[in-house]
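Visitor: Sharing coords35.cif below, mmCIF, C-alpha atoms:
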data_upload
#
loop_
_atom_site.label_atom_id
_atom_site.label_comp_id
_atom_site.auth_asym_id
_atom_site.auth_seq_id
_atom_site.Cartn_x
_atom_site.Cartn_y
_atom_site.Cartn_z
CA MET A 1 -48.42 81.21 105.52
CA THR A 2 -50.08 81.55 102.14
CA LYS A 3 -53.59 80.26 101.78
CA ASN A 4 -52.64 78.13 98.87
CA LYS A 5 -49.01 77.15 99.17
CA GLN A 6 -47.50 75.56 96.06
CA PHE A 7 -44.49 73.33 96.55
CA THR A 8 -41.48 73.43 94.24
CA ALA A 9 -39.56 70.59 92.61
CA SER A 10 -36.91 71.06 95.28
CA ALA A 11 -39.37 70.47 98.15
CA GLN A 12 -40.83 67.49 96.25
CA GLN A 13 -37.36 65.97 95.92
CA SER A 14 -36.62 66.57 99.62
CA LEU A 15 -39.73 64.62 100.64
CA ALA A 16 -38.97 61.84 98.15
CA ASP A 17 -35.43 61.56 99.55
CA ILE A 18 -36.65 61.49 103.17
CA ILE A 19 -39.16 58.75 102.30
CA TYR A 20 -36.44 56.79 100.47
CA HIS A 21 -33.88 57.03 103.29
CA ARG A 22 -36.23 56.34 106.23
CA ARG A 23 -35.20 53.19 108.11
CA ASP A 24 -36.39 51.12 111.06
CA ILE A 25 -33.61 51.47 113.64
CA ARG A 26 -32.73 48.76 116.14
CA GLY A 27 -30.41 48.46 119.13
CA ASN A 28 -27.36 47.56 117.05
CA ASN A 29 -27.47 51.05 115.59
CA PHE A 30 -28.52 53.56 118.28
CA LEU A 31 -25.91 55.85 119.82
CA ASN A 32 -26.35 56.59 123.52
CA SER A 33 -26.01 60.34 123.04
CA PRO A 34 -29.02 62.23 124.43
CA LEU A 35 -31.73 63.63 122.19
CA PRO A 36 -32.20 67.40 122.70
CA GLN A 37 -35.67 68.37 123.88
CA ALA A 38 -36.04 70.77 120.92
CA VAL A 39 -35.55 67.85 118.51
CA LEU A 40 -38.07 65.68 120.37
CA ASP A 41 -40.53 68.57 120.31
CA LYS A 42 -40.26 68.84 116.52
CA ILE A 43 -40.99 65.12 116.17
CA LEU A 44 -44.02 65.37 118.46
CA HIS A 45 -45.24 68.53 116.72
CA ALA A 46 -45.36 66.56 113.44
CA ALA A 47 -47.67 64.05 115.13
CA ALA A 48 -50.04 66.83 116.14
CA LEU A 49 -50.44 67.86 112.49
CA ALA A 50 -51.41 64.39 111.27
CA PRO A 51 -54.81 63.75 109.73
CA SER A 52 -57.34 62.35 112.18
CA VAL A 53 -60.84 61.08 111.60
CA GLY A 54 -63.33 63.88 112.33
CA LEU A 55 -60.39 65.95 113.69
CA SER A 56 -60.63 63.71 116.77
CA GLN A 57 -56.86 63.74 117.47
CA PRO A 58 -57.23 60.47 119.41
CA TRP A 59 -53.56 60.07 120.36
CA GLU A 60 -51.59 60.06 123.62
CA PHE A 61 -47.83 59.81 124.01
CA VAL A 62 -45.90 58.44 126.97
CA ILE A 63 -42.23 59.49 126.97
CA VAL A 64 -40.09 56.85 128.67
CA ARG A 65 -36.49 57.56 129.72
CA ASP A 66 -36.45 55.61 132.99
CA LYS A 67 -34.07 52.64 132.90
CA GLU A 68 -36.22 50.43 135.11
CA THR A 69 -39.30 50.99 132.94
CA LYS A 70 -37.27 50.25 129.80
CA GLN A 71 -35.96 47.06 131.42
CA ARG A 72 -39.49 45.84 132.14
CA VAL A 73 -40.57 46.54 128.55
CA ALA A 74 -37.40 44.84 127.24
CA ASP A 75 -38.14 41.80 129.40
CA ASN A 76 -41.59 41.57 127.86
CA HIS A 77 -40.04 41.85 124.39
CA GLN A 78 -37.71 38.95 125.16
CA HIS A 79 -40.62 36.80 126.28
CA GLU A 80 -42.70 37.63 123.20
CA ASN A 81 -39.71 37.19 120.90
CA GLU A 82 -39.03 33.68 122.17
CA ARG A 83 -42.67 32.89 121.51
CA ALA A 84 -42.51 34.42 118.00
CA GLU A 85 -39.33 32.57 117.07
CA LYS A 86 -41.22 29.29 117.23
CA GLU A 87 -43.34 30.40 114.26
CA PHE A 88 -40.37 30.15 111.92
CA LYS A 89 -38.73 27.01 110.55
CA ASP A 90 -35.27 25.90 109.48
CA ASN A 91 -33.18 28.64 107.84
CA GLN A 92 -35.65 31.37 108.76
CA LYS A 93 -35.54 30.33 112.40
CA HIS A 94 -31.75 30.33 112.32
CA LEU A 95 -31.67 33.85 110.85
CA TYR A 96 -34.46 35.07 113.16
CA ARG A 97 -32.38 34.18 116.22
CA GLN A 98 -29.52 36.37 114.97
CA LEU A 99 -31.66 39.44 114.38
CA LYS A 100 -31.69 42.38 116.79
CA LEU A 101 -35.29 43.55 116.48
CA GLU A 102 -35.57 46.41 118.98
CA GLY A 103 -33.57 49.17 120.68
CA ILE A 104 -35.57 49.65 123.88
CA LYS A 105 -32.59 49.97 126.20
CA GLU A 106 -30.13 51.39 123.67
CA ALA A 107 -32.30 54.34 122.53
CA PRO A 108 -32.30 57.37 124.86
CA ILE A 109 -36.03 57.93 124.32
CA ASN A 110 -38.89 55.46 124.08
CA ILE A 111 -42.39 56.67 123.22
CA ALA A 112 -45.47 54.53 123.79
CA VAL A 113 -48.21 55.75 121.48
CA PHE A 114 -51.81 55.11 122.50
CA TYR A 115 -55.20 55.38 120.88
CA LYS A 116 -57.74 56.91 123.25
CA PRO A 117 -61.27 56.04 122.08
CA SER A 118 -63.81 58.84 122.30
CA THR A 119 -66.93 58.58 124.43
CA GLN A 120 -68.77 60.68 121.81
CA PRO A 121 -69.62 59.75 118.20
CA ILE A 122 -66.81 60.76 115.83
CA LEU A 123 -67.47 62.06 112.33
CA GLY A 124 -66.19 59.47 109.86
CA GLN A 125 -65.78 56.63 112.34
CA ASN A 126 -69.29 55.18 112.26
CA SER A 127 -68.85 52.71 109.38
CA MET A 128 -65.14 52.02 109.92
CA PRO A 129 -64.41 51.99 113.66
CA GLU A 130 -60.70 51.30 113.04
CA MET A 131 -60.32 54.86 111.70
CA GLY A 132 -59.33 56.09 115.17
CA GLU A 133 -56.41 53.68 115.33
CA TYR A 134 -55.48 54.48 111.74
CA SER A 135 -55.32 58.20 112.62
CA VAL A 136 -52.75 57.37 115.30
CA VAL A 137 -50.69 55.45 112.72
CA CYS A 138 -50.74 58.50 110.40
CA ALA A 139 -49.31 60.51 113.31
CA ILE A 140 -46.56 57.92 113.80
CA GLN A 141 -45.59 58.04 110.12
CA ASN A 142 -45.36 61.85 110.37
CA MET A 143 -43.03 61.37 113.37
CA TRP A 144 -40.94 58.78 111.54
CA LEU A 145 -40.36 60.97 108.49
CA THR A 146 -39.69 64.05 110.63
CA ALA A 147 -37.16 62.12 112.73
CA ARG A 148 -35.39 60.99 109.56
CA SER A 149 -35.30 64.55 108.20
CA LEU A 150 -33.64 65.58 111.49
CA ASN A 151 -31.12 62.74 111.01
CA VAL A 152 -32.61 60.96 114.01
CA GLY A 153 -33.41 57.25 114.04
CA LEU A 154 -36.76 55.72 114.96
CA GLY A 155 -37.64 52.05 115.41
CA TRP A 156 -41.15 50.63 115.85
CA VAL A 157 -41.18 47.68 118.26
CA SER A 158 -44.18 45.41 117.76
CA ILE A 159 -42.90 42.25 119.45
CA LEU A 160 -44.57 43.20 122.73
CA ASN A 161 -47.71 42.18 124.57
CA PRO A 162 -49.81 45.38 124.40
CA GLU A 163 -51.65 44.61 127.64
CA LYS A 164 -48.37 44.05 129.50
CA VAL A 165 -46.99 47.37 128.24
CA LYS A 166 -50.21 49.11 129.32
CA SER A 167 -49.79 47.60 132.76
CA ILE A 168 -46.12 48.69 133.02
CA LEU A 169 -47.11 52.25 132.07
CA ASN A 170 -50.27 52.25 134.21
CA ALA A 171 -52.28 53.21 131.11
CA PRO A 172 -56.06 53.61 131.36
CA HIS A 173 -58.07 50.50 130.58
CA GLU A 174 -59.71 51.98 127.49
CA ASN A 175 -56.43 53.04 125.85
CA LYS A 176 -55.03 50.82 123.10
CA LEU A 177 -51.28 50.57 122.51
CA ILE A 178 -50.64 51.26 118.84
CA ALA A 179 -46.84 51.49 118.83
CA TYR A 180 -43.78 51.44 121.04
CA LEU A 181 -41.14 53.66 119.45
CA CYS A 182 -37.39 53.89 120.12
CA ILE A 183 -35.80 57.21 119.16
CA GLY A 184 -32.24 58.50 119.13
CA TYR A 185 -29.16 59.33 117.08
CA VAL A 186 -27.68 56.47 115.08
CA LYS A 187 -24.38 55.09 113.90
CA GLU A 188 -25.69 54.90 110.35
CA PHE A 189 -28.79 54.78 108.24
CA LEU A 190 -28.42 51.63 106.16
CA GLU A 191 -28.65 51.97 102.40
CA LEU A 192 -31.52 49.47 102.27
CA PRO A 193 -33.83 47.99 104.92
CA GLU A 194 -31.87 45.51 107.05
CA LEU A 195 -34.35 42.70 106.29
CA GLU A 196 -33.74 43.31 102.58
CA ILE A 197 -29.94 43.29 103.00
CA LEU A 198 -30.21 40.00 104.92
CA SER A 199 -32.54 38.55 102.23
CA TRP A 200 -35.32 37.94 104.77
CA HIS A 201 -37.73 39.30 102.18
CA LYS A 202 -37.28 41.00 98.84
CA ARG A 203 -38.87 44.23 97.71
CA THR A 204 -41.79 43.26 95.52
CA PRO A 205 -43.41 45.38 92.80
CA LEU A 206 -46.59 47.15 93.92
CA LYS A 207 -49.73 45.18 93.20
CA ILE A 208 -51.89 47.63 91.25
CA ILE A 209 -55.29 46.54 89.99
CA ASP A 210 -57.02 48.42 87.21
CA GLU A 211 -60.69 49.15 88.02
CA THR A 212 -61.71 45.83 89.64
CA TYR A 213 -60.12 42.53 90.66
CA MET B 1 -27.24 57.85 96.97
CA THR B 2 -24.91 58.14 99.91
CA LYS B 3 -24.95 55.35 102.45
CA ASN B 4 -25.61 57.79 105.25
CA LYS B 5 -27.47 60.74 103.84
CA GLN B 6 -27.72 63.74 106.15
CA PHE B 7 -30.60 66.12 105.57
CA THR B 8 -30.20 69.88 105.69
CA ALA B 9 -32.30 72.52 107.44
CA SER B 10 -33.85 73.30 104.07
CA ALA B 11 -35.08 69.72 103.55
CA GLN B 12 -36.32 69.64 107.16
CA GLN B 13 -38.33 72.80 106.56
CA SER B 14 -39.76 71.43 103.31
CA LEU B 15 -41.09 68.36 105.12
CA ALA B 16 -42.46 70.46 107.98
CA ASP B 17 -44.25 72.70 105.47
CA ILE B 18 -45.71 69.74 103.57
CA ILE B 19 -46.97 68.22 106.83
CA TYR B 20 -48.44 71.59 107.88
CA HIS B 21 -50.23 72.22 104.57
CA ARG B 22 -51.62 68.70 104.00
CA ARG B 23 -55.43 68.71 103.89
CA ASP B 24 -58.26 66.23 103.51
CA ILE B 25 -59.91 67.17 100.21
CA ARG B 26 -63.60 66.72 99.50
CA GLY B 27 -65.87 67.07 96.48
CA ASN B 28 -66.40 70.81 96.97
CA ASN B 29 -62.73 71.33 96.16
CA PHE B 30 -61.65 68.89 93.43
CA LEU B 31 -61.11 70.12 89.88
CA ASN B 32 -62.12 67.74 87.11
CA SER B 33 -58.81 68.10 85.27
CA PRO B 34 -57.12 64.73 84.73
CA LEU B 35 -54.19 63.58 86.83
CA PRO B 36 -51.15 62.72 84.67
CA GLN B 37 -50.00 59.10 84.97
CA ALA B 38 -46.49 60.27 85.94
CA VAL B 39 -47.92 62.13 88.95
CA LEU B 40 -50.00 59.12 90.01
CA ASP B 41 -46.90 56.93 89.66
CA LYS B 42 -44.95 59.19 92.04
CA ILE B 43 -47.73 58.94 94.63
CA LEU B 44 -47.83 55.14 94.33
CA HIS B 45 -44.04 54.89 94.44
CA ALA B 46 -44.11 56.65 97.83
CA ALA B 47 -46.44 53.92 99.09
CA ALA B 48 -43.98 51.24 98.01
CA LEU B 49 -41.28 52.81 100.21
CA ALA B 50 -43.38 52.82 103.38
CA PRO B 51 -42.31 50.82 106.40
CA SER B 52 -44.01 47.43 106.65
CA VAL B 53 -43.91 44.87 109.40
CA GLY B 54 -41.27 42.24 108.58
CA LEU B 55 -40.92 43.88 105.13
CA SER B 56 -44.20 42.12 104.30
CA GLN B 57 -45.47 44.92 102.00
CA PRO B 58 -49.05 43.74 102.57
CA TRP B 59 -50.78 46.34 100.39
CA GLU B 60 -52.85 46.24 97.19
CA PHE B 61 -54.20 49.23 95.26
CA VAL B 62 -57.26 49.34 93.01
CA ILE B 63 -57.30 52.36 90.71
CA VAL B 64 -60.87 53.40 89.92
CA ARG B 65 -61.67 55.81 87.10
CA ASP B 66 -64.89 54.19 85.85
CA LYS B 67 -67.97 56.38 86.38
CA GLU B 68 -70.33 53.51 87.06
CA THR B 69 -68.05 52.04 89.73
CA LYS B 70 -67.68 55.47 91.35
CA GLN B 71 -71.47 55.86 91.31
CA ARG B 72 -71.94 52.56 93.14
CA VAL B 73 -69.37 53.55 95.79
CA ALA B 74 -70.98 57.00 96.10
CA ASP B 75 -74.40 55.35 96.58
CA ASN B 76 -72.98 53.30 99.42
CA HIS B 77 -71.47 56.44 100.94
CA GLN B 78 -74.88 58.14 100.86
CA HIS B 79 -76.49 55.19 102.63
CA GLU B 80 -73.79 55.06 105.31
CA ASN B 81 -73.83 58.83 105.72
CA GLU B 82 -77.57 58.88 106.41
CA ARG B 83 -76.98 56.22 109.02
CA ALA B 84 -74.06 58.16 110.57
CA GLU B 85 -75.99 61.44 110.71
CA LYS B 86 -78.37 59.90 113.25
CA GLU B 87 -75.47 59.66 115.73
CA PHE B 88 -75.31 63.43 116.09
CA LYS B 89 -77.72 65.70 117.94
CA ASP B 90 -79.04 69.25 117.66
CA ASN B 91 -76.48 71.76 116.34
CA GLN B 92 -73.99 69.05 115.41
CA LYS B 93 -76.63 67.23 113.37
CA HIS B 94 -77.55 70.48 111.62
CA LEU B 95 -73.91 71.16 110.72
CA TYR B 96 -73.27 67.51 109.78
CA ARG B 97 -76.01 67.68 107.12
CA GLN B 98 -74.29 70.64 105.47
CA LEU B 99 -70.88 69.01 105.23
CA LYS B 100 -69.54 67.54 102.01
CA LEU B 101 -67.49 64.62 103.29
CA GLU B 102 -66.21 62.90 100.14
CA GLY B 103 -65.19 63.53 96.53
CA ILE B 104 -65.81 60.12 94.98
CA LYS B 105 -67.39 61.37 91.76
CA GLU B 106 -65.61 64.72 91.61
CA ALA B 107 -62.05 63.37 91.84
CA PRO B 108 -60.60 61.97 88.59
CA ILE B 109 -58.92 59.09 90.44
CA ASN B 110 -60.16 56.92 93.31
CA ILE B 111 -57.84 54.38 94.91
CA ALA B 112 -59.14 51.59 97.13
CA VAL B 113 -56.31 50.45 99.38
CA PHE B 114 -56.42 46.91 100.72
CA TYR B 115 -54.55 44.92 103.33
CA LYS B 116 -53.76 41.42 102.06
CA PRO B 117 -53.03 39.12 105.02
CA SER B 118 -50.14 36.72 104.58
CA THR B 119 -50.58 32.97 104.71
CA GLN B 120 -47.10 32.73 106.28
CA PRO B 121 -45.94 33.99 109.70
CA ILE B 122 -44.69 37.57 109.47
CA LEU B 123 -41.76 38.84 111.53
CA GLY B 124 -43.08 41.37 114.03
CA GLN B 125 -46.76 40.51 113.63
CA ASN B 126 -47.07 37.67 116.14
CA SER B 127 -47.88 39.71 119.25
CA MET B 128 -49.66 42.59 117.50
CA PRO B 129 -51.64 41.19 114.54
CA GLU B 130 -52.88 44.69 113.59
CA MET B 131 -49.33 45.55 112.43
CA GLY B 132 -50.21 44.45 108.89
CA GLU B 133 -53.05 46.95 108.67
CA TYR B 134 -50.91 49.63 110.30
CA SER B 135 -48.24 49.11 107.61
CA VAL B 136 -50.85 49.88 104.97
CA VAL B 137 -51.77 53.09 106.82
CA CYS B 138 -48.10 54.14 106.82
CA ALA B 139 -48.15 53.69 103.03
CA ILE B 140 -51.26 55.86 102.79
CA GLN B 141 -49.66 58.64 104.81
CA ASN B 142 -46.62 58.52 102.49
CA MET B 143 -49.04 58.89 99.56
CA TRP B 144 -50.88 61.77 101.23
CA LEU B 145 -47.74 63.79 101.90
CA THR B 146 -46.34 63.05 98.45
CA ALA B 147 -49.60 64.15 96.81
CA ARG B 148 -49.51 67.42 98.79
CA SER B 149 -45.88 68.03 97.78
CA LEU B 150 -46.99 67.62 94.15
CA ASN B 151 -49.79 70.14 94.80
CA VAL B 152 -52.35 67.36 94.37
CA GLY B 153 -55.28 66.85 96.74
CA LEU B 154 -56.16 63.61 98.52
CA GLY B 155 -59.23 62.80 100.58
CA TRP B 156 -59.74 59.69 102.70
CA VAL B 157 -63.36 58.50 102.61
CA SER B 158 -64.28 56.35 105.61
CA ILE B 159 -68.07 56.68 105.53
CA LEU B 160 -68.40 53.47 103.52
CA ASN B 161 -69.34 49.88 104.27
CA PRO B 162 -66.03 48.05 103.66
CA GLU B 163 -67.75 44.80 102.70
CA LYS B 164 -69.94 46.58 100.15
CA VAL B 165 -66.89 48.26 98.60
CA LYS B 166 -65.12 44.89 98.44
CA SER B 167 -68.13 43.48 96.65
CA ILE B 168 -68.28 46.37 94.15
CA LEU B 169 -64.57 45.87 93.35
CA ASN B 170 -64.79 42.07 93.37
CA ALA B 171 -61.99 41.98 95.96
CA PRO B 172 -60.81 38.64 97.37
CA HIS B 173 -62.56 37.52 100.54
CA GLU B 174 -59.41 37.74 102.69
CA ASN B 175 -58.57 41.33 101.69
CA LYS B 176 -59.50 44.08 104.13
CA LEU B 177 -60.39 47.57 102.90
CA ILE B 178 -58.21 50.06 104.77
CA ALA B 179 -58.98 53.24 102.86
CA TYR B 180 -60.86 54.64 99.90
CA LEU B 181 -58.91 57.61 98.56
CA CYS B 182 -59.98 60.40 96.18
CA ILE B 183 -57.14 62.10 94.32
CA GLY B 184 -56.94 65.04 91.95
CA TYR B 185 -56.05 68.69 91.48
CA VAL B 186 -57.88 71.16 93.70
CA LYS B 187 -59.33 74.65 93.71
CA GLU B 188 -57.47 75.46 96.90
CA PHE B 189 -55.77 73.98 99.92
CA LEU B 190 -57.54 75.54 102.89
CA GLU B 191 -55.40 77.35 105.42
CA LEU B 192 -56.72 75.14 108.21
CA PRO B 193 -58.64 71.84 108.25
CA GLU B 194 -62.24 72.45 107.18
CA LEU B 195 -63.62 70.92 110.41
CA GLU B 196 -61.48 73.39 112.38
CA ILE B 197 -62.67 76.36 110.29
CA LEU B 198 -66.27 75.26 110.86
CA SER B 199 -65.60 74.81 114.61
CA TRP B 200 -66.65 71.15 114.48
CA HIS B 201 -63.65 70.42 116.69
CA LYS B 202 -60.74 72.52 117.91
CA ARG B 203 -57.09 71.62 117.71
CA THR B 204 -56.14 70.39 121.15
CA PRO B 205 -52.63 70.41 122.66
CA LEU B 206 -50.87 67.04 122.45
CA LYS B 207 -51.39 64.87 125.50
CA ILE B 208 -47.85 63.98 126.56
CA ILE B 209 -47.31 61.84 129.65
CA ASP B 210 -43.95 61.78 131.40
CA GLU B 211 -42.79 58.21 132.18
CA THR B 212 -46.11 56.66 133.34
CA TYR B 213 -49.76 57.62 133.63
#
Just dump the structure as structure tokens.
Guide:
Amino acid sequence: MTKNKQFTASAQQSLADIIYHRRDIRGNNFLNSPLPQAVLDKILHAAALAPSVGLSQPWEFVIVRDKETKQRVADNHQHENERAEKEFKDNQKHLYRQLKLEGIKEAPINIAVFYKPSTQPILGQNSMPEMGEYSVVCAIQNMWLTARSLNVGLGWVSILNPEKVKSILNAPHENKLIAYLCIGYVKEFLELPELEILSWHKRTPLKIIDETY
Amino acid sequence: MTKNKQFTASAQQSLADIIYHRRDIRGNNFLNSPLPQAVLDKILHAAALAPSVGLSQPWEFVIVRDKETKQRVADNHQHENERAEKEFKDNQKHLYRQLKLEGIKEAPINIAVFYKPSTQPILGQNSMPEMGEYSVVCAIQNMWLTARSLNVGLGWVSILNPEKVKSILNAPHENKLIAYLCIGYVKEFLELPELEILSWHKRTPLKIIDETY
């Protein structure tokens, strides 16, 4: 390792391509082929190298392969999804009902990602206490991009009751569920996000403000 | 673009190297050379391609170059930092006082990154309302890695009062400050995180739990 590594145009383009082709993968797209441990290890290693506030590394990962555990999480998703559906009206509700929004049972690997708060003061977390959770999200984005580079799909399931998932996994009281990830090989990576293809939402130009609002 | 792009070992290694060599950059390391607009545009473009809950894209970016604005933000940092210092004891307090923890005035570009909550229900955000904020953090991590690939430094300043920063930037009441970023060319990318070099914290092995706690 050089002290001061400079990246080339080729490495820059690789990252840009990985970012462009990353997708959220759901159960209509996972293959049931197993994920080799060496591949999973690379994805987890990328999490370990994420930035964290005060180098606190406040993350914990629960690897779920057990069918019964997955079923219990999937049952909670179904309950929360029926509740969420009621938020939408008319055409949106109709489309919402047709969407497959998770791959809990289809993906060979699920990973519950937790934030473990520190009992000690953390450098950088005094004025913005959410920084611990945000560090965990940075780790997840590292995992997501690394999975995509390895041609492995990852889906983030957020239609879950975090307290119910904690209970299913027997997680410590103080832990906070940040994400429930589904990981595995895929049939295809869609050319665009599925919600864009289905016209649920359009891509909008970035809102960039010059100096002050 | 192929529909189903497969990445090679070379692209995988490029991403792994970028993740490994990413650093949090502070004022002792920024150069005052300007950042070309084309480089800034690439960093912002990476944010636009981040995952977001329900494709809600709930992010807004304020680009700060103005010296007076930077000074006001830096003043708030100093106030918050004096408050934070009191949290640490003995040797930690002594080391804390010597640390340079931000590069607000030294970096040519500051970017305040906001979460803009939607007035409409968002797919995937019903059970976990924090998903909007977490989407913004994914965008920031895309920016951080892209900056590093372009051999540009980025530092995330969290020792700030978010409401004071909102006031300085005249941000709408409903916006939430997620991050205040400092961006520019650097003297060097340290071989390891500065807090690791200074033994503030050690790198710890990932905590991985098999199936349930």
Visitor: Do you know which residues the PyMOL selection byres ((chain B and resi 18-34) around 8) returns on this file, as a PyMOL selection string?
Guide: (chain A and resi 5+7+46+49-51+142) or (chain B and resi 14-17+35-36+100-108+144-145+148-149+153-156+182+184-193)
Visitor: Counting all atoms listed in the file, which residue out of A:Asn126, A:Gln13, A:Asn4, A:Ser56 sits closest to Leu206 (chain B)?
Guide: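 Of the candidates, the smallest distance to Leu206 (chain B) is held by A:Ser56.
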Visitor: Thr212 (chain B): which residues within 12 Å, counting all atoms listed in the file, same-chain residues fewer than 5 positions away excluded, as a ChimeraX atom specification?
Guide: /A:60-66,68-70,110-112,165-172
Visitor: Name the closest residue to chain A among the candidates B:Ala38, B:Ile109, B:Val73, B:Leu55; distances are taken between atoms, counting all atoms listed in the file.
Guide: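 Of the candidates, the smallest distance to chain A is held by B:Leu55.
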Visitor: Within 7 Å of (-53.5, 57.2, 116.3), in the coordinates the file gives, what residues turn up when you count only C-alpha atoms, written out as number ranges by chain?
Guide: A: 58-59, 114-115, 132-139
Visitor: Using CA of Asp75 (chain A) and CA of Val157 (chain A) as the two end points, give the distance in Å to one decimal.
Guide: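 Those two atoms sit 13.0 Å apart.
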Visitor: Using all atoms listed in the file, which of the listed residues (B:Val152, B:Ile140, B:Ala47, B:Ile159) sits closest to Glu82 (chain B)?
Guide: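 Ranking B:Val152, B:Ile140, B:Ala47, B:Ile159 by distance to Glu82 (chain B), first place goes to B:Ile159.
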Visitor: Give the answer as one residue: which of A:Ile122, A:Ala11, A:Leu177, A:Val113 has the shortest atom-to-atom distance to chain B, using all atoms listed in the file?
Guide: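 For chain B, the nearest of the candidates is A:Ala11.
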Visitor: List the residues matched by the PyMOL selection byres ((chain A and resi 89-93) around 12) in the displayed structure as a list in words, ordered by chain and then by residue number.
Guide: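 Evaluating the PyMOL selection byres ((chain A and resi 89-93) around 12) on these coordinates yields Asn81, Glu82, Arg83, Ala84, Glu85, Lys86, Glu87, Phe88, His94, Leu95, Tyr96, Arg97, Gln98, Leu99, Leu195, Leu198, Ser199, Trp200 and His201 of chain A; Gln120, Pro121, Ile122 and Leu123 of chain B.
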Visitor: Out of A:Thr8, A:Tyr213, A:Gln125, A:Lys116, which residue has the shortest atom-to-atom distance to Asn175 (chain A) when counting only C-alpha atoms?
Guide: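 Closest candidate: A:Lys116.
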Visitor: Please measure the separation of CA of Gln57 (chain B) and CA of Lys164 (chain A), giving the value in Å to one decimal.
Guide: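 Result for CA of Gln57 (chain B) versus CA of Lys164 (chain A): 27.7 Å, one decimal.
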Visitor: Taking all listed atoms of region 112-121 of chain B, build the axis-aligned box, pad each of the six sides by 4 Å, then write its centre and edge lengths in Å to one decimal as lines of an AutoDock Vina configuration file.
Guide:
center_x = -52.5
center_y = 42.2
center_z = 103.4
size_x = 21.2
size_y = 26.9
size_z = 20.6
Visitor: Separation of CA of Ile208 (chain B) and CA of Asn151 (chain A), in Å?
Guide: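 One can read the CA of Ile208 (chain B) to CA of Asn151 (chain A) distance as 22.9 Å.
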Visitor: For chain A, which of B:Thr119, B:Gln71, B:Ser52, B:Gln12 is the closest residue, counting all atoms listed in the file?
Guide: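 Residue with the minimum atom-to-atom distance to chain A: B:Gln12.
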Visitor: Show which residues sit within 8 Å of Pro162 (chain A), as an mmCIF file with C-alpha atoms, in the frame of the given file. Count all atoms listed in the file, and ignore same-chain residues fewer than 5 positions away.
Guide:
data_model
loop_
_atom_site.group_PDB
_atom_site.id
_atom_site.type_symbol
_atom_site.label_atom_id
_atom_site.label_comp_id
_atom_site.auth_asym_id
_atom_site.auth_seq_id
_atom_site.Cartn_x
_atom_site.Cartn_y
_atom_site.Cartn_z
ATOM 1 C CA LYS A 176 -55.030 50.820 123.100
ATOM 2 C CA LEU A 177 -51.280 50.570 122.510
ATOM 3 C CA SER B 127 -47.880 39.710 119.250
ATOM 4 C CA MET B 128 -49.660 42.590 117.500
#
Visitor: Using the structure block above, produce a file of region 196-207 of chain A that contains N, CA and C atoms, as a compact mmCIF listing (two decimals), in the first residue's frame.
Guide:
# COMPACT_ATOMS: atom_id res chain seq x y z
N GLU A 196 -38.74 3.26 -11.04
CA GLU A 196 -38.66 4.21 -12.16
C GLU A 196 -39.29 3.58 -13.40
N ILE A 197 -38.98 2.30 -13.65
CA ILE A 197 -39.55 1.60 -14.81
C ILE A 197 -41.08 1.59 -14.71
N LEU A 198 -41.59 1.39 -13.50
CA LEU A 198 -43.03 1.29 -13.29
C LEU A 198 -43.70 2.67 -13.12
N SER A 199 -42.90 3.73 -13.29
CA SER A 199 -43.39 5.12 -13.17
C SER A 199 -43.99 5.43 -11.81
N TRP A 200 -43.48 4.74 -10.76
CA TRP A 200 -43.93 5.09 -9.40
C TRP A 200 -43.46 6.50 -9.06
N HIS A 201 -42.19 6.75 -9.34
CA HIS A 201 -41.61 8.08 -9.23
C HIS A 201 -40.65 8.25 -10.40
N LYS A 202 -40.41 9.50 -10.77
CA LYS A 202 -39.39 9.80 -11.77
C LYS A 202 -38.10 10.20 -11.08
N ARG A 203 -36.98 10.05 -11.78
CA ARG A 203 -35.74 10.67 -11.35
C ARG A 203 -35.90 12.18 -11.47
N THR A 204 -35.53 12.89 -10.42
CA THR A 204 -35.62 14.34 -10.48
C THR A 204 -34.21 14.92 -10.47
N PRO A 205 -34.04 16.10 -11.06
CA PRO A 205 -32.70 16.72 -11.03
C PRO A 205 -32.33 17.03 -9.58
N LEU A 206 -31.05 16.97 -9.26
CA LEU A 206 -30.59 17.31 -7.91
C LEU A 206 -30.97 18.74 -7.58
N LYS A 207 -31.43 18.94 -6.35
CA LYS A 207 -31.68 20.32 -5.91
C LYS A 207 -30.40 20.86 -5.28
